[in-house]
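Have a look at the structure below, then the notes.
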Amino acid sequence: MAILDGKLVAEKIQLQVGLEVERLKAENGIVPGLAVIMAGDDPASRSYVNSKSKLAEKLGIRSELVTFPASVPAAEIARVIDEKNADPFTHAILVQMPLPAGVDPWGIIERIAPGKDVDAFHPYNQGLILQNRGRVFPCTPLGIMRLLDHYGIDPEGMNAAVVGRSFLVGKPMAAMLANRNATVTLCHSRTHGLAAILREAGLVVAAVGKPGFISADMVKPGAVLIDVGINHVTKEDDFNKFCPRSNYEAFKKKGAVITGDVHYQSFAKAAHYSPVPGGVGPLTVTMLMSNTVELCKRQAGIA
Ligand code: GUN
């Protein structure tokens with residue numbers, strides 16, 4: 001069971017993106033610009049947004065954060081999106097999800113110019129992915145593809161099970177794996193016989209948001225396990241169920257640990273697995289930077 005080291009792959013990609021940013025500045029006088037829009041004060045979203053701003057700065061990308069209270073009217077968010085759509089110094093626009101309950105996310109997502117849609121959440125960009133003509137890809141599934149590629153894991157011909165059907169991860173992931181010639185089963189909370197499906201899967205992508213959901217008995221020996229889950233375990237009971245004893249000291253010290261959707265006892269059966277933390281997470285934010293540079297180059301007409 002070999003670890004798929006997302007941190008290592010993320011650092012490698014960051015190096016490439018940083019060089020690309022330098023080249024754009026030196027040869028074209030262009031600084032890639034990312035606008036991040038956040039509404040409400042969800043602590044997890046705030047932490048993601050902060051890590052995005054920090055990495056942008058590290059790589060020389062100009063990033064701007066626009067924040068709104070949870071009570072913001074949708075029209076106000078739309079007004080800022082219109083402004084950024086028209087701004088030649090903004091090449092990429094991200095609206096942090098989830099939006100407050102009163103705001104229709106689709107109305108907001110559809111407002112983003114598809115050419116500046118750094119998350120590839122717009123129906124136009126998701127449609128292109130389904131047609132295997134994708135130009136920009138959602139950051140988490142794109143990071144997973146880069147992780148598999150780095151370790152020479154070719155999805156072609158594999159039985160791949162994706163657990164979770166969100167438009168952020170599961171659905172685009174399923175399409176991207178199918179585009180790479182995997183045989184894909186898109187599973188979710190209402191799938192009948194999930195364990196039997198997973199036991200046939202050489203590749204499992206778990207994006208359900210439930211700690212330890214993929215138990216060892218569901219895993220085919222020699223499978224590749226990709227864990228997208230970021231679950232905060234705060235109760236001792238849950239710790240005992242979902243986390244290895246070796247993390248106990250950290251749990252007691254901090255009062256919480258992060259664990260994935262794949263139960264740690266599953267790893268022993270896998271050929272490769274991505275850990276949480278240190279697996280998919282570092283890649284997601286890195287691919288956001290890579291997408292920003294990609295969109296910038298496209299807008300500037302640079303191949
Ligand atoms: N919320 C959780 N993940 C993401 C993401 O990748 N992009 C955006 N915009 N919001 C998110």
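Chains: A, B, ... in order of the structure tokens. Residues: from 1 per chain. Ligands: from 1, in order shown.
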
DSSP says helix (DSSP H, G or I) for which residues of region 192-274 of chain A? Put them as a PyMOL selection string?
chain A and resi 194-198+216-218+236-242+245-254+264-269

Kindly compile the residues surrounding ligand 1 within 8 Å, counting only C-alpha atoms and all ligand atoms, and format them as a ChimeraX atom specification.
/A:45,48,94-98,119,138-140,168,284-285,288

Pick out the residues sitting within 7 Å of region 273-275 of chain A, and hand them over as number ranges by chain; count only C-alpha atoms, and ignore anything fewer than 4 positions along from it in its own chain.
A: 2-5, 224-227, 267, 279-280

Can I get the selection written as an mmCIF file, in the first residue's frame, with all heavy atoms?
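Resulting contents of out-v8.cif:
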```cif
data_model
loop_
_atom_site.group_PDB
_atom_site.id
_atom_site.type_symbol
_atom_site.label_atom_id
_atom_site.label_comp_id
_atom_site.auth_asym_id
_atom_site.auth_seq_id
_atom_site.Cartn_x
_atom_site.Cartn_y
_atom_site.Cartn_z
ATOM 1 N N ALA A 2 0.916 1.858 -1.172
ATOM 2 C CA ALA A 2 1.760 3.058 -1.337
ATOM 3 C C ALA A 2 0.902 4.309 -1.216
ATOM 4 O O ALA A 2 -0.226 4.346 -1.712
ATOM 5 C CB ALA A 2 2.439 3.009 -2.691
ATOM 6 N N ILE A 3 1.480 5.296 -0.562
ATOM 7 C CA ILE A 3 0.766 6.563 -0.385
ATOM 8 C C ILE A 3 0.865 7.400 -1.653
ATOM 9 O O ILE A 3 1.930 7.505 -2.256
ATOM 10 C CB ILE A 3 1.357 7.331 0.823
ATOM 11 C CG1 ILE A 3 0.975 6.626 2.123
ATOM 12 C CG2 ILE A 3 0.909 8.784 0.836
ATOM 13 C CD1 ILE A 3 1.463 7.301 3.378
ATOM 14 N N LEU A 4 -0.261 7.985 -2.062
ATOM 15 C CA LEU A 4 -0.263 8.973 -3.142
ATOM 16 C C LEU A 4 -0.092 10.335 -2.475
ATOM 17 O O LEU A 4 -1.011 10.827 -1.829
ATOM 18 C CB LEU A 4 -1.579 8.894 -3.931
ATOM 19 C CG LEU A 4 -1.896 7.521 -4.534
ATOM 20 C CD1 LEU A 4 -3.300 7.490 -5.125
ATOM 21 C CD2 LEU A 4 -0.865 7.143 -5.596
ATOM 22 N N ASP A 5 1.100 10.883 -2.597
ATOM 23 C CA ASP A 5 1.476 12.055 -1.824
ATOM 24 C C ASP A 5 1.034 13.343 -2.541
ATOM 25 O O ASP A 5 1.747 13.875 -3.400
ATOM 26 C CB ASP A 5 3.004 12.032 -1.617
ATOM 27 C CG ASP A 5 3.473 13.132 -0.688
ATOM 28 O OD1 ASP A 5 2.728 14.100 -0.455
ATOM 29 O OD2 ASP A 5 4.614 13.027 -0.201
ATOM 30 N N VAL A 224 -7.086 1.208 -5.955
ATOM 31 C CA VAL A 224 -6.554 2.558 -5.753
ATOM 32 C C VAL A 224 -7.667 3.359 -5.076
ATOM 33 O O VAL A 224 -8.789 3.421 -5.592
ATOM 34 C CB VAL A 224 -6.181 3.210 -7.109
ATOM 35 C CG1 VAL A 224 -5.710 4.653 -6.904
ATOM 36 C CG2 VAL A 224 -5.126 2.378 -7.834
ATOM 37 N N LEU A 225 -7.361 3.937 -3.913
ATOM 38 C CA LEU A 225 -8.386 4.653 -3.140
ATOM 39 C C LEU A 225 -8.055 6.143 -3.100
ATOM 40 O O LEU A 225 -6.988 6.538 -2.614
ATOM 41 C CB LEU A 225 -8.444 4.122 -1.702
ATOM 42 C CG LEU A 225 -8.687 2.624 -1.528
ATOM 43 C CD1 LEU A 225 -8.624 2.244 -0.046
ATOM 44 C CD2 LEU A 225 -10.042 2.218 -2.119
ATOM 45 N N ILE A 226 -8.960 6.952 -3.604
ATOM 46 C CA ILE A 226 -8.773 8.406 -3.597
ATOM 47 C C ILE A 226 -9.810 9.011 -2.660
ATOM 48 O O ILE A 226 -11.015 8.846 -2.870
ATOM 49 C CB ILE A 226 -8.958 9.002 -5.013
ATOM 50 C CG1 ILE A 226 -8.036 8.316 -6.026
ATOM 51 C CG2 ILE A 226 -8.762 10.519 -4.991
ATOM 52 C CD1 ILE A 226 -6.583 8.602 -5.853
ATOM 53 N N ASP A 227 -9.319 9.706 -1.646
ATOM 54 C CA ASP A 227 -10.200 10.199 -0.580
ATOM 55 C C ASP A 227 -10.342 11.719 -0.651
ATOM 56 O O ASP A 227 -9.385 12.456 -0.420
ATOM 57 C CB ASP A 227 -9.591 9.798 0.776
ATOM 58 C CG ASP A 227 -10.585 9.905 1.911
ATOM 59 O OD1 ASP A 227 -11.628 10.557 1.735
ATOM 60 O OD2 ASP A 227 -10.305 9.328 2.981
ATOM 61 N N PHE A 267 -6.865 0.950 4.113
ATOM 62 C CA PHE A 267 -5.601 1.215 3.414
ATOM 63 C C PHE A 267 -4.777 -0.060 3.238
ATOM 64 O O PHE A 267 -4.094 -0.228 2.225
ATOM 65 C CB PHE A 267 -4.772 2.258 4.171
ATOM 66 C CG PHE A 267 -5.450 3.590 4.311
ATOM 67 C CD1 PHE A 267 -5.172 4.428 5.386
ATOM 68 C CD2 PHE A 267 -6.375 4.024 3.362
ATOM 69 C CE1 PHE A 267 -5.795 5.666 5.514
ATOM 70 C CE2 PHE A 267 -7.010 5.261 3.483
ATOM 71 C CZ PHE A 267 -6.715 6.071 4.563
ATOM 72 N N GLY A 279 -3.433 14.534 0.916
ATOM 73 C CA GLY A 279 -3.724 13.854 -0.343
ATOM 74 C C GLY A 279 -4.292 14.840 -1.357
ATOM 75 O O GLY A 279 -3.560 15.646 -1.934
ATOM 76 N N VAL A 280 -5.615 14.769 -1.522
ATOM 77 C CA VAL A 280 -6.282 15.584 -2.542
ATOM 78 C C VAL A 280 -6.300 17.077 -2.176
ATOM 79 O O VAL A 280 -6.192 17.936 -3.058
ATOM 80 C CB VAL A 280 -7.730 15.059 -2.761
ATOM 81 C CG1 VAL A 280 -8.518 15.959 -3.687
ATOM 82 C CG2 VAL A 280 -7.690 13.628 -3.283
#
```

Between CA of Val219 (chain A) and CA of Met173 (chain A) lies a distance of 19.5 Å

Excluding Leu186 (chain A) and residues on its chain fewer than 3 positions from it, collect all residues at most 7 Å away from it, counting only C-alpha atoms, and give them as an MDAnalysis selection string.
chainID A and resid 161:163 165 174

Based on the selection just made, write C-alpha atoms of those residues as a compact mmCIF listing (two decimals), in the first residue's frame.
```
# COMPACT_ATOMS: atom_id res chain seq x y z
CA ALA A 161 -16.51 3.88 -8.71
CA VAL A 162 -17.13 7.51 -7.82
CA VAL A 163 -19.08 7.91 -4.58
CA ARG A 165 -22.64 13.06 -7.28
CA ALA A 174 -17.13 10.54 -13.43
```
